[in-house]
file structure29.pdb (PDB, C-alpha atoms, pLDDT in the B column)
ATOM      1  CA  MET A  28      57.700  82.578  93.606  1.00 84.00           C
ATOM      2  CA  THR A  29      55.798  82.958  96.876  1.00 89.00           C
ATOM      3  CA  PRO A  30      56.707  85.721  99.355  1.00 86.00           C
ATOM      4  CA  ASP A  31      57.847  83.098 101.873  1.00 86.00           C
ATOM      5  CA  LEU A  32      60.136  81.373  99.369  1.00 91.00           C
ATOM      6  CA  SER A  33      61.546  84.776  98.398  1.00 91.00           C
ATOM      7  CA  ARG A  34      62.236  85.602 102.056  1.00 92.00           C
ATOM      8  CA  ASN A  35      63.978  82.256 102.555  1.00 93.00           C
ATOM      9  CA  LEU A  36      66.130  82.766  99.460  1.00 95.00           C
ATOM     10  CA  ASN A  37      67.037  86.259 100.683  1.00 95.00           C
ATOM     11  CA  ALA A  38      67.947  84.756 104.071  1.00 96.00           C
ATOM     12  CA  LEU A  39      70.227  82.238 102.336  1.00 96.00           C
ATOM     13  CA  GLY A  40      71.760  85.078 100.328  1.00 96.00           C
ATOM     14  CA  THR A  41      72.381  87.036 103.527  1.00 96.00           C
ATOM     15  CA  LEU A  42      74.052  83.995 105.087  1.00 97.00           C
ATOM     16  CA  ALA A  43      76.210  83.556 101.964  1.00 96.00           C
ATOM     17  CA  VAL A  44      77.373  87.201 102.121  1.00 96.00           C
ATOM     18  CA  SER A  45      77.974  86.768 105.868  1.00 96.00           C
ATOM     19  CA  LEU A  46      80.106  83.706 105.098  1.00 96.00           C
ATOM     20  CA  VAL A  47      82.265  85.782 102.723  1.00 94.00           C
ATOM     21  CA  LEU A  48      82.823  88.384 105.467  1.00 94.00           C
ATOM     22  CA  LEU A  49      83.495  85.637 108.016  1.00 94.00           C
ATOM     23  CA  LEU A  50      86.068  83.908 105.774  1.00 92.00           C
ATOM     24  CA  ALA A  51      87.817  87.252 105.251  1.00 90.00           C
ATOM     25  CA  TYR A  52      88.006  87.566 109.041  1.00 88.00           C
ATOM     26  CA  ILE A  53      89.385  84.038 109.462  1.00 89.00           C
ATOM     27  CA  TYR A  54      92.159  84.773 106.947  1.00 87.00           C
ATOM     28  CA  GLN A  55      92.834  88.139 108.589  1.00 86.00           C
ATOM     29  CA  LEU A  56      93.226  86.607 112.033  1.00 86.00           C
ATOM     30  CA  THR A  57      94.901  83.265 111.232  1.00 86.00           C
ATOM     31  CA  LEU A  58      97.365  84.489 108.559  1.00 83.00           C
ATOM     32  CA  TYR A  59      97.696  87.971 110.112  1.00 82.00           C
ATOM     33  CA  GLU A  60      97.018  89.499 106.695  1.00 83.00           C
ATOM     34  CA  LEU A  61      95.627  92.946 107.353  1.00 87.00           C
ATOM     35  CA  PRO A  62      93.105  94.119 104.764  1.00 89.00           C
ATOM     36  CA  CYS A  63      94.284  97.002 102.566  1.00 89.00           C
ATOM     37  CA  PRO A  64      92.027 100.079 102.121  1.00 90.00           C
ATOM     38  CA  LEU A  65      90.606  98.759  98.843  1.00 91.00           C
ATOM     39  CA  CYS A  66      89.988  95.355 100.514  1.00 92.00           C
ATOM     40  CA  LEU A  67      88.101  97.164 103.303  1.00 94.00           C
ATOM     41  CA  LEU A  68      86.023  99.050 100.733  1.00 95.00           C
ATOM     42  CA  GLN A  69      85.082  95.713  99.149  1.00 96.00           C
ATOM     43  CA  ARG A  70      83.862  94.608 102.576  1.00 96.00           C
ATOM     44  CA  VAL A  71      81.863  97.850 102.763  1.00 96.00           C
ATOM     45  CA  GLY A  72      80.267  96.785  99.463  1.00 96.00           C
ATOM     46  CA  PHE A  73      79.303  93.394 100.933  1.00 97.00           C
ATOM     47  CA  VAL A  74      77.797  94.988 104.061  1.00 97.00           C
ATOM     48  CA  ALA A  75      75.894  97.502 101.864  1.00 97.00           C
ATOM     49  CA  VAL A  76      74.478  94.545  99.891  1.00 97.00           C
ATOM     50  CA  GLY A  77      73.497  93.148 103.300  1.00 96.00           C
ATOM     51  CA  VAL A  78      71.470  96.321 103.999  1.00 97.00           C
ATOM     52  CA  GLY A  79      69.260  95.632 100.949  1.00 96.00           C
ATOM     53  CA  LEU A  80      68.989  91.946 101.831  1.00 96.00           C
ATOM     54  CA  GLY A  81      68.088  92.923 105.399  1.00 95.00           C
ATOM     55  CA  LEU A  82      65.200  95.071 104.145  1.00 95.00           C
ATOM     56  CA  ASN A  83      63.856  92.090 102.185  1.00 94.00           C
ATOM     57  CA  LEU A  84      64.083  89.983 105.335  1.00 94.00           C
ATOM     58  CA  LEU A  85      62.416  92.597 107.536  1.00 93.00           C
ATOM     59  CA  TYR A  86      59.536  93.771 105.362  1.00 91.00           C
ATOM     60  CA  GLY A  87      59.355  91.357 102.431  1.00 89.00           C
ATOM     61  CA  ALA A  88      60.821  91.641  98.952  1.00 91.00           C
ATOM     62  CA  ARG A  89      60.425  94.962  97.123  1.00 92.00           C
ATOM     63  CA  PRO A  90      62.050  96.163  93.875  1.00 93.00           C
ATOM     64  CA  LYS A  91      63.436  99.147  95.847  1.00 94.00           C
ATOM     65  CA  HIS A  92      65.323  96.802  98.176  1.00 95.00           C
ATOM     66  CA  TYR A  93      66.791  94.912  95.239  1.00 96.00           C
ATOM     67  CA  ALA A  94      67.791  98.255  93.697  1.00 96.00           C
ATOM     68  CA  LEU A  95      69.827  99.094  96.825  1.00 96.00           C
ATOM     69  CA  MET A  96      71.556  95.712  96.486  1.00 96.00           C
ATOM     70  CA  LEU A  97      72.370  96.353  92.822  1.00 97.00           C
ATOM     71  CA  ILE A  98      73.834  99.800  93.587  1.00 97.00           C
ATOM     72  CA  ALA A  99      75.913  98.374  96.445  1.00 97.00           C
ATOM     73  CA  ALA A 100      77.139  95.456  94.308  1.00 97.00           C
ATOM     74  CA  LEU A 101      78.086  97.864  91.495  1.00 97.00           C
ATOM     75  CA  PHE A 102      80.192  99.815  93.987  1.00 97.00           C
ATOM     76  CA  GLY A 103      81.799  96.608  95.262  1.00 96.00           C
ATOM     77  CA  ILE A 104      82.619  95.218  91.820  1.00 96.00           C
ATOM     78  CA  SER A 105      84.092  98.603  90.809  1.00 95.00           C
ATOM     79  CA  VAL A 106      86.511  98.485  93.756  1.00 95.00           C
ATOM     80  CA  SER A 107      87.492  94.848  93.197  1.00 95.00           C
ATOM     81  CA  VAL A 108      87.994  95.242  89.440  1.00 93.00           C
ATOM     82  CA  ARG A 109      90.099  98.346  90.128  1.00 91.00           C
ATOM     83  CA  GLN A 110      92.295  96.290  92.446  1.00 89.00           C
ATOM     84  CA  ILE A 111      92.576  93.475  89.880  1.00 89.00           C
ATOM     85  CA  LEU A 112      93.700  96.054  87.300  1.00 88.00           C
ATOM     86  CA  LEU A 113      96.352  97.383  89.713  1.00 84.00           C
ATOM     87  CA  HIS A 114      98.018  93.958  89.669  1.00 82.00           C
ATOM     88  CA  ILE A 115      97.167  92.747  86.180  1.00 79.00           C
ATOM     89  CA  VAL A 116     100.486  93.668  84.586  1.00 78.00           C
ATOM     90  CA  PRO A 117     103.034  90.834  85.096  1.00 75.00           C
ATOM     91  CA  GLY A 118     105.642  91.711  87.697  1.00 72.00           C
ATOM     92  CA  THR A 119     103.501  94.236  89.562  1.00 72.00           C
ATOM     93  CA  GLY A 120     102.982  91.901  92.503  1.00 71.00           C
ATOM     94  CA  HIS A 121      99.789  91.100  94.341  1.00 75.00           C
ATOM     95  CA  TYR A 122      98.138  91.660  97.702  1.00 76.00           C
ATOM     96  CA  GLY A 123      97.460  88.827 100.135  1.00 74.00           C
ATOM     97  CA  SER A 124      97.682  85.071  99.748  1.00 76.00           C
ATOM     98  CA  PRO A 125      95.857  83.274  96.949  1.00 78.00           C
ATOM     99  CA  VAL A 126      92.839  81.178  97.908  1.00 78.00           C
ATOM    100  CA  LEU A 127      92.232  78.252  95.507  1.00 83.00           C
ATOM    101  CA  GLY A 128      94.436  80.007  92.965  1.00 81.00           C
ATOM    102  CA  TYR A 129      92.763  83.428  93.095  1.00 84.00           C
ATOM    103  CA  HIS A 130      93.427  86.458  95.260  1.00 86.00           C
ATOM    104  CA  TYR A 131      90.798  87.920  97.573  1.00 90.00           C
ATOM    105  CA  TYR A 132      89.951  90.786  95.240  1.00 90.00           C
ATOM    106  CA  THR A 133      89.382  88.378  92.342  1.00 92.00           C
ATOM    107  CA  TRP A 134      87.057  86.302  94.520  1.00 94.00           C
ATOM    108  CA  ALA A 135      85.312  89.516  95.591  1.00 95.00           C
ATOM    109  CA  ALA A 136      84.730  90.485  91.927  1.00 96.00           C
ATOM    110  CA  ILE A 137      83.287  87.007  91.244  1.00 96.00           C
ATOM    111  CA  CYS A 138      81.022  87.277  94.335  1.00 96.00           C
ATOM    112  CA  PHE A 139      79.764  90.746  93.354  1.00 97.00           C
ATOM    113  CA  PHE A 140      79.096  89.484  89.819  1.00 97.00           C
ATOM    114  CA  LEU A 141      77.047  86.601  91.256  1.00 97.00           C
ATOM    115  CA  ILE A 142      75.159  89.055  93.513  1.00 97.00           C
ATOM    116  CA  LEU A 143      74.321  91.237  90.484  1.00 97.00           C
ATOM    117  CA  LEU A 144      73.179  88.204  88.494  1.00 97.00           C
ATOM    118  CA  GLY A 145      71.200  86.697  91.391  1.00 96.00           C
ATOM    119  CA  THR A 146      69.487  90.004  92.215  1.00 96.00           C
ATOM    120  CA  ALA A 147      68.530  90.570  88.569  1.00 96.00           C
ATOM    121  CA  ILE A 148      67.026  87.070  88.416  1.00 95.00           C
ATOM    122  CA  MET A 149      65.137  87.579  91.703  1.00 94.00           C
ATOM    123  CA  LEU A 150      63.652  90.843  90.385  1.00 94.00           C
ATOM    124  CA  MET A 151      61.828  88.922  87.657  1.00 93.00           C
ATOM    125  CA  PHE A 152      59.383  87.108  89.950  1.00 91.00           C
ATOM    126  CA  ASP A 153      56.370  89.373  90.513  1.00 88.00           C
ATOM    127  CA  ARG A 154      54.377  87.228  92.940  1.00 86.00           C
ATOM    128  CA  GLN A 155      56.941  87.730  95.712  1.00 86.00           C
ATOM    129  CA  TYR A 156      55.886  91.410  95.950  1.00 86.00           C
ATOM    130  CA  ALA A 157      52.326  90.459  96.978  1.00 82.00           C
ATOM    131  CA  ASP A 158      53.404  90.203 100.627  1.00 66.00           C
ATOM    132  CA  ASP A 159      51.682  93.082 102.484  1.00 64.00           C
ATOM    133  CA  THR A 160      53.835  93.430 105.581  1.00 59.00           C
ATOM    134  CA  SER A 161      52.260  96.591 107.022  1.00 61.00           C
ATOM    135  CA  ASP A 162      50.390  94.581 109.651  1.00 68.00           C
ATOM    136  CA  ARG A 163      52.740  91.590 109.808  1.00 74.00           C
ATOM    137  CA  PRO A 164      55.568  91.150 112.316  1.00 81.00           C
ATOM    138  CA  ARG A 165      59.153  91.827 111.272  1.00 86.00           C
ATOM    139  CA  PHE A 166      60.788  88.976 109.325  1.00 87.00           C
ATOM    140  CA  GLY A 167      57.302  87.581 108.556  1.00 83.00           C
ATOM    141  CA  GLY A 168      57.729  85.303 111.564  1.00 82.00           C
ATOM    142  CA  SER A 169      60.712  83.528 109.974  1.00 87.00           C
ATOM    143  CA  THR A 170      63.443  82.475 112.425  1.00 92.00           C
ATOM    144  CA  LEU A 171      65.916  81.909 109.570  1.00 94.00           C
ATOM    145  CA  ALA A 172      65.370  85.466 108.310  1.00 93.00           C
ATOM    146  CA  LYS A 173      65.777  86.868 111.831  1.00 94.00           C
ATOM    147  CA  ALA A 174      69.003  84.915 112.437  1.00 96.00           C
ATOM    148  CA  ALA A 175      70.453  85.943 109.059  1.00 96.00           C
ATOM    149  CA  PHE A 176      69.645  89.631 109.685  1.00 96.00           C
ATOM    150  CA  PHE A 177      71.315  89.712 113.094  1.00 96.00           C
ATOM    151  CA  ILE A 178      74.378  87.782 111.887  1.00 96.00           C
ATOM    152  CA  MET A 179      74.851  90.416 109.162  1.00 96.00           C
ATOM    153  CA  LEU A 180      74.260  93.238 111.658  1.00 96.00           C
ATOM    154  CA  GLY A 181      76.840  91.722 114.036  1.00 96.00           C
ATOM    155  CA  LEU A 182      79.415  91.351 111.254  1.00 95.00           C
ATOM    156  CA  ALA A 183      78.873  94.968 110.178  1.00 95.00           C
ATOM    157  CA  ALA A 184      79.490  96.158 113.756  1.00 95.00           C
ATOM    158  CA  LEU A 185      82.510  93.842 114.103  1.00 94.00           C
ATOM    159  CA  ASN A 186      84.011  95.256 110.905  1.00 93.00           C
ATOM    160  CA  ALA A 187      83.551  98.789 112.268  1.00 94.00           C
ATOM    161  CA  ILE A 188      85.529  97.849 115.399  1.00 93.00           C
ATOM    162  CA  SER A 189      88.305  95.904 113.636  1.00 92.00           C
ATOM    163  CA  THR A 190      88.744  98.650 111.019  1.00 92.00           C
ATOM    164  CA  LEU A 191      88.979 101.257 113.759  1.00 92.00           C
ATOM    165  CA  LEU A 192      91.673  99.135 115.434  1.00 90.00           C
ATOM    166  CA  GLU A 193      93.559  98.773 112.137  1.00 88.00           C
ATOM    167  CA  CYS A 194      93.276 102.306 110.775  1.00 87.00           C
ATOM    168  CA  GLY A 195      92.671 104.400 113.889  1.00 83.00           C
ATOM    169  CA  PRO A 196      90.573 107.537 113.507  1.00 83.00           C
ATOM    170  CA  GLY A 197      92.500 108.754 110.429  1.00 82.00           C
ATOM    171  CA  ILE A 198      93.385 107.545 106.950  1.00 85.00           C
ATOM    172  CA  CYS A 199      94.122 103.826 106.556  1.00 82.00           C
ATOM    173  CA  ALA A 200      97.755 102.946 105.884  1.00 80.00           C
ATOM    174  CA  ASP A 201      98.416 101.544 102.421  1.00 76.00           C
ATOM    175  CA  PRO A 202      99.603  98.826 102.801  1.00 78.00           C
ATOM    176  CA  PRO A 203      98.801  98.343 106.503  1.00 79.00           C
ATOM    177  CA  THR A 204     101.531  96.826 108.641  1.00 78.00           C
ATOM    178  CA  ASP A 205      99.940  96.672 112.075  1.00 79.00           C
ATOM    179  CA  TYR A 206      96.866  97.501 114.108  1.00 81.00           C
ATOM    180  CA  LYS A 207      97.507 101.251 114.291  1.00 77.00           C
ATOM    181  CA  LEU A 208      95.131 102.102 117.138  1.00 77.00           C
ATOM    182  CA  ILE A 209      96.382  99.259 119.358  1.00 78.00           C
ATOM    183  CA  ASP A 210      99.973 100.401 118.723  1.00 77.00           C
ATOM    184  CA  GLU A 211      99.124 104.024 119.519  1.00 77.00           C
ATOM    185  CA  LEU A 212      97.330 103.057 122.727  1.00 77.00           C
ATOM    186  CA  GLY A 213     100.264 100.785 123.677  1.00 75.00           C
ATOM    187  CA  THR A 214     102.779 103.583 123.060  1.00 75.00           C
ATOM    188  CA  ASN A 215     100.836 106.067 125.169  1.00 69.00           C
ATOM    189  CA  ASN A 216     100.638 103.695 128.173  1.00 64.00           C
TER     190      ASN A 216
ATOM    191  CA  MET B  13      87.991 106.834 107.756  1.00 83.00           C
ATOM    192  CA  ILE B  14      86.616 103.513 106.588  1.00 90.00           C
ATOM    193  CA  ALA B  15      85.534 102.352 110.079  1.00 92.00           C
ATOM    194  CA  LEU B  16      82.910 105.104 109.978  1.00 94.00           C
ATOM    195  CA  LEU B  17      81.426 103.585 106.815  1.00 95.00           C
ATOM    196  CA  PHE B  18      80.846 100.274 108.604  1.00 95.00           C
ATOM    197  CA  ALA B  19      79.402 102.126 111.605  1.00 96.00           C
ATOM    198  CA  LEU B  20      77.008 104.085 109.373  1.00 96.00           C
ATOM    199  CA  LEU B  21      75.871 100.910 107.600  1.00 97.00           C
ATOM    200  CA  THR B  22      75.281  99.266 110.982  1.00 97.00           C
ATOM    201  CA  ALA B  23      73.209 102.302 111.981  1.00 97.00           C
ATOM    202  CA  THR B  24      71.314 102.035 108.652  1.00 96.00           C
ATOM    203  CA  MET B  25      70.372  98.441 109.447  1.00 96.00           C
ATOM    204  CA  GLY B  26      69.322  99.530 112.947  1.00 96.00           C
ATOM    205  CA  LEU B  27      67.105 102.305 111.548  1.00 96.00           C
ATOM    206  CA  ASN B  28      65.545  99.843 109.107  1.00 94.00           C
ATOM    207  CA  TYR B  29      64.787  97.485 111.989  1.00 94.00           C
ATOM    208  CA  PHE B  30      62.920 100.258 113.822  1.00 93.00           C
ATOM    209  CA  ARG B  31      60.907 101.068 110.655  1.00 91.00           C
ATOM    210  CA  LEU B  32      62.708 104.408 110.113  1.00 93.00           C
ATOM    211  CA  THR B  33      63.267 103.492 106.483  1.00 92.00           C
ATOM    212  CA  THR B  34      63.368 107.020 105.049  1.00 94.00           C
ATOM    213  CA  ALA B  35      66.152 108.041 107.428  1.00 96.00           C
ATOM    214  CA  ALA B  36      67.879 104.719 106.731  1.00 96.00           C
ATOM    215  CA  ASN B  37      67.768 105.299 102.966  1.00 95.00           C
ATOM    216  CA  VAL B  38      69.235 108.794 103.375  1.00 96.00           C
ATOM    217  CA  LEU B  39      72.007 107.380 105.565  1.00 96.00           C
ATOM    218  CA  PHE B  40      72.633 104.548 103.097  1.00 96.00           C
ATOM    219  CA  PHE B  41      73.231 106.942 100.207  1.00 96.00           C
ATOM    220  CA  ILE B  42      75.358 109.289 102.333  1.00 97.00           C
ATOM    221  CA  THR B  43      77.497 106.266 103.264  1.00 96.00           C
ATOM    222  CA  LEU B  44      77.726 105.205  99.638  1.00 96.00           C
ATOM    223  CA  ALA B  45      78.794 108.719  98.584  1.00 96.00           C
ATOM    224  CA  MET B  46      81.489 108.687 101.292  1.00 95.00           C
ATOM    225  CA  SER B  47      82.575 105.222 100.105  1.00 95.00           C
ATOM    226  CA  VAL B  48      83.021 106.536  96.564  1.00 95.00           C
ATOM    227  CA  TYR B  49      85.127 109.402  97.959  1.00 93.00           C
ATOM    228  CA  TRP B  50      87.419 106.966  99.809  1.00 92.00           C
ATOM    229  CA  PHE B  51      87.512 104.693  96.766  1.00 92.00           C
ATOM    230  CA  LYS B  52      88.760 107.567  94.618  1.00 90.00           C
ATOM    231  CA  PHE B  53      91.227 108.568  97.357  1.00 88.00           C
ATOM    232  CA  HIS B  54      92.754 105.111  97.770  1.00 85.00           C
ATOM    233  CA  ALA B  55      92.511 103.937  94.169  1.00 82.00           C
ATOM    234  CA  THR B  56      94.450 106.922  92.865  1.00 76.00           C
ATOM    235  CA  SER B  57      96.956 107.486  95.657  1.00 61.00           C
ATOM    236  CA  GLN B  58     100.626 107.095  94.805  1.00 53.00           C
ATOM    237  CA  LEU B  59     101.040 104.588  97.610  1.00 49.00           C
ATOM    238  CA  THR B  60      98.582 102.210  95.992  1.00 49.00           C
ATOM    239  CA  ILE B  61      99.760 102.566  92.432  1.00 52.00           C
ATOM    240  CA  GLN B  62     103.340 101.308  92.330  1.00 52.00           C
ATOM    241  CA  LEU B  63     103.560 100.779  88.590  1.00 47.00           C
TER     242      LEU B  63
END

call {"tool": "encode", "arguments": {"input": "structure29.pdb", "output": "structure tokens"}}
result
Amino acid sequence: MTPDLSRNLNALGTLAVSLVLLLAYIYQLTLYELPCPLCLLQRVGFVAVGVGLGLNLLYGARPKHYALMLIAALFGISVSVRQILLHIVPGTGHYGSPVLGYHYYTWAAICFFLILLGTAIMLMFDRQYADDTSDRPRFGGSTLAKAAFFIMLGLAALNAISTLLECGPGICADPPTDYKLIDELGTNN
Amino acid sequence: MIALLFALLTATMGLNYFRLTTAANVLFFITLAMSVYWFKFHATSQLTIQL
């Protein structure tokens, strides 16, 4: 695998993770289903995976960058499996609407599993590490890589703002019922 | 405060962009440690577990 092909695959991976975060936003805004604390922590896992992907986009693929992705995906899958286990006993309810028969946390576990598998497969190709980026521009001159990086960066910042609006500066409500910070600001005015 | 985790990860990506990768790595692992703390907090709170 050439360094350029590796960068393009990492860009596609970044866009795929961005799509997951974007879909979560669409459901949050259209169905007014506020993400629970564990759901938010799964999003943190996706953004943390995006940090490792972003490093591959910026400076070329390195085993260290893939390692960050694996650690982040392990965190994410731990949170999502924990949430699956909370609702696995019949009659214990669920959180959020099902999408194509599965709940968000189940989809998140599947996505993190695919990230772990994909990252492990990517690690096997040695030729991608031959890219010496010390004197090359960021993103290796790839527009796709640049676009993917900034989309992920924007989504990370957007999640920081929306979570602040939902939880306020303190502990997130479990389950959340409203945008806490907006309510508090509305009450004070 | 989970919003802070997103903010720190955004800052990590920003530091990486400006080639401050050592600082970014430190921030990444601090964020991850804080995430594990909040995971333990929320995954074991009585409000979450209604069994």

call {"tool": "interface_residues", "arguments": {"input": "structure29.pdb", "of": "chain A", "to": "chain B", "cutoff": "6 Å", "atoms": "only C-alpha atoms", "output": "PyMOL selection string"}}
result
chain A and resi 78+183-184+187+190-191+197-198

call {"tool": "residues_around", "arguments": {"input": "structure29.pdb", "residues": "A:Ser169", "least_positions_apart": "5", "cutoff": "9 Å", "atoms": "only C-alpha atoms", "output": "list in words"}}
result
Asp31, Arg34, Asn35, Leu84 and Ala174 of chain A

call {"tool": "closest_residue", "arguments": {"input": "structure29.pdb", "among": "A:Leu143, A:Leu127, A:Ile115, A:Leu49", "to": "A:Ala99", "atoms": "only C-alpha atoms"}}
result
A:Leu143

call {"tool": "resolve_selection", "arguments": {"input": "structure29.pdb", "expression": "the PyMOL selection byres ((chain A and resi 41) around 12)", "output": "PyMOL selection string"}}
result
chain A and resi 34-40+42-48+73-84+96+142+171-180+182

call {"tool": "resolve_selection", "arguments": {"input": "structure29.pdb", "expression": "the PyMOL selection byres ((chain A and resi 139) around 9)", "output": "number ranges by chain"}}
result
A: 72-73, 100-101, 103-104, 107, 134-138, 140-144

call {"tool": "write_last_selection", "arguments": {"input": "structure29.pdb", "atoms": "C-alpha atoms", "output": "compact mmCIF listing (two decimals), in the coordinates of the input"}}
result
# COMPACT_ATOMS: atom_id res chain seq x y z
CA GLY A 72 80.27 96.78 99.46
CA PHE A 73 79.30 93.39 100.93
CA ALA A 100 77.14 95.46 94.31
CA LEU A 101 78.09 97.86 91.50
CA GLY A 103 81.80 96.61 95.26
CA ILE A 104 82.62 95.22 91.82
CA SER A 107 87.49 94.85 93.20
CA TRP A 134 87.06 86.30 94.52
CA ALA A 135 85.31 89.52 95.59
CA ALA A 136 84.73 90.48 91.93
CA ILE A 137 83.29 87.01 91.24
CA CYS A 138 81.02 87.28 94.34
CA PHE A 140 79.10 89.48 89.82
CA LEU A 141 77.05 86.60 91.26
CA ILE A 142 75.16 89.06 93.51
CA LEU A 143 74.32 91.24 90.48
CA LEU A 144 73.18 88.20 88.49

call {"tool": "residues_around", "arguments": {"input": "structure29.pdb", "residues": "stretch 203-216 of chain A", "least_positions_apart": "2", "cutoff": "10 Å", "atoms": "all atoms listed in the file", "output": "list in words"}}
result
Tyr59, Glu60, Leu61, Pro62, Cys63, Pro64, Ser189, Thr190, Leu191, Leu192, Glu193, Cys194, Gly195, Pro196, Gly197, Cys199, Ala200 and Asp201 of chain A

call {"tool": "axis_aligned_box", "arguments": {"input": "structure29.pdb", "around": "stretch 17-27 of chain B", "padding_each_side": "5 Å", "output": "lines of an AutoDock Vina configuration file"}}
result
center_x = 74.3
center_y = 101.3
center_z = 109.9
size_x = 24.3
size_y = 15.6
size_z = 16.1

call {"tool": "resolve_selection", "arguments": {"input": "structure29.pdb", "expression": "the PyMOL selection byres ((chain A and resi 130) around 12)", "output": "list in words"}}
result
Ala51, Tyr54, Cys66, Ser107, Val108, Gln110, Ile111, His114, Ile115, Gly120, His121, Tyr122, Gly123, Ser124, Pro125, Val126, Leu127, Gly128, Tyr129, Tyr131, Tyr132, Thr133, Trp134, Ala135, Ala136 and Ile137 of chain A

call {"tool": "atom_distance", "arguments": {"input": "structure29.pdb", "atom1": "atom CA of A:Gly87", "atom2": "atom CA of A:Phe166"}}
result
7.4 Å

call {"tool": "atom_distance", "arguments": {"input": "structure29.pdb", "atom1": "atom CA of B:Leu32", "atom2": "atom CA of A:Val71"}}
result
21.5 Å

call {"tool": "atom_distance", "arguments": {"input": "structure29.pdb", "atom1": "atom CA of A:Leu185", "atom2": "atom CA of A:Tyr52"}}
result
9.8 Å
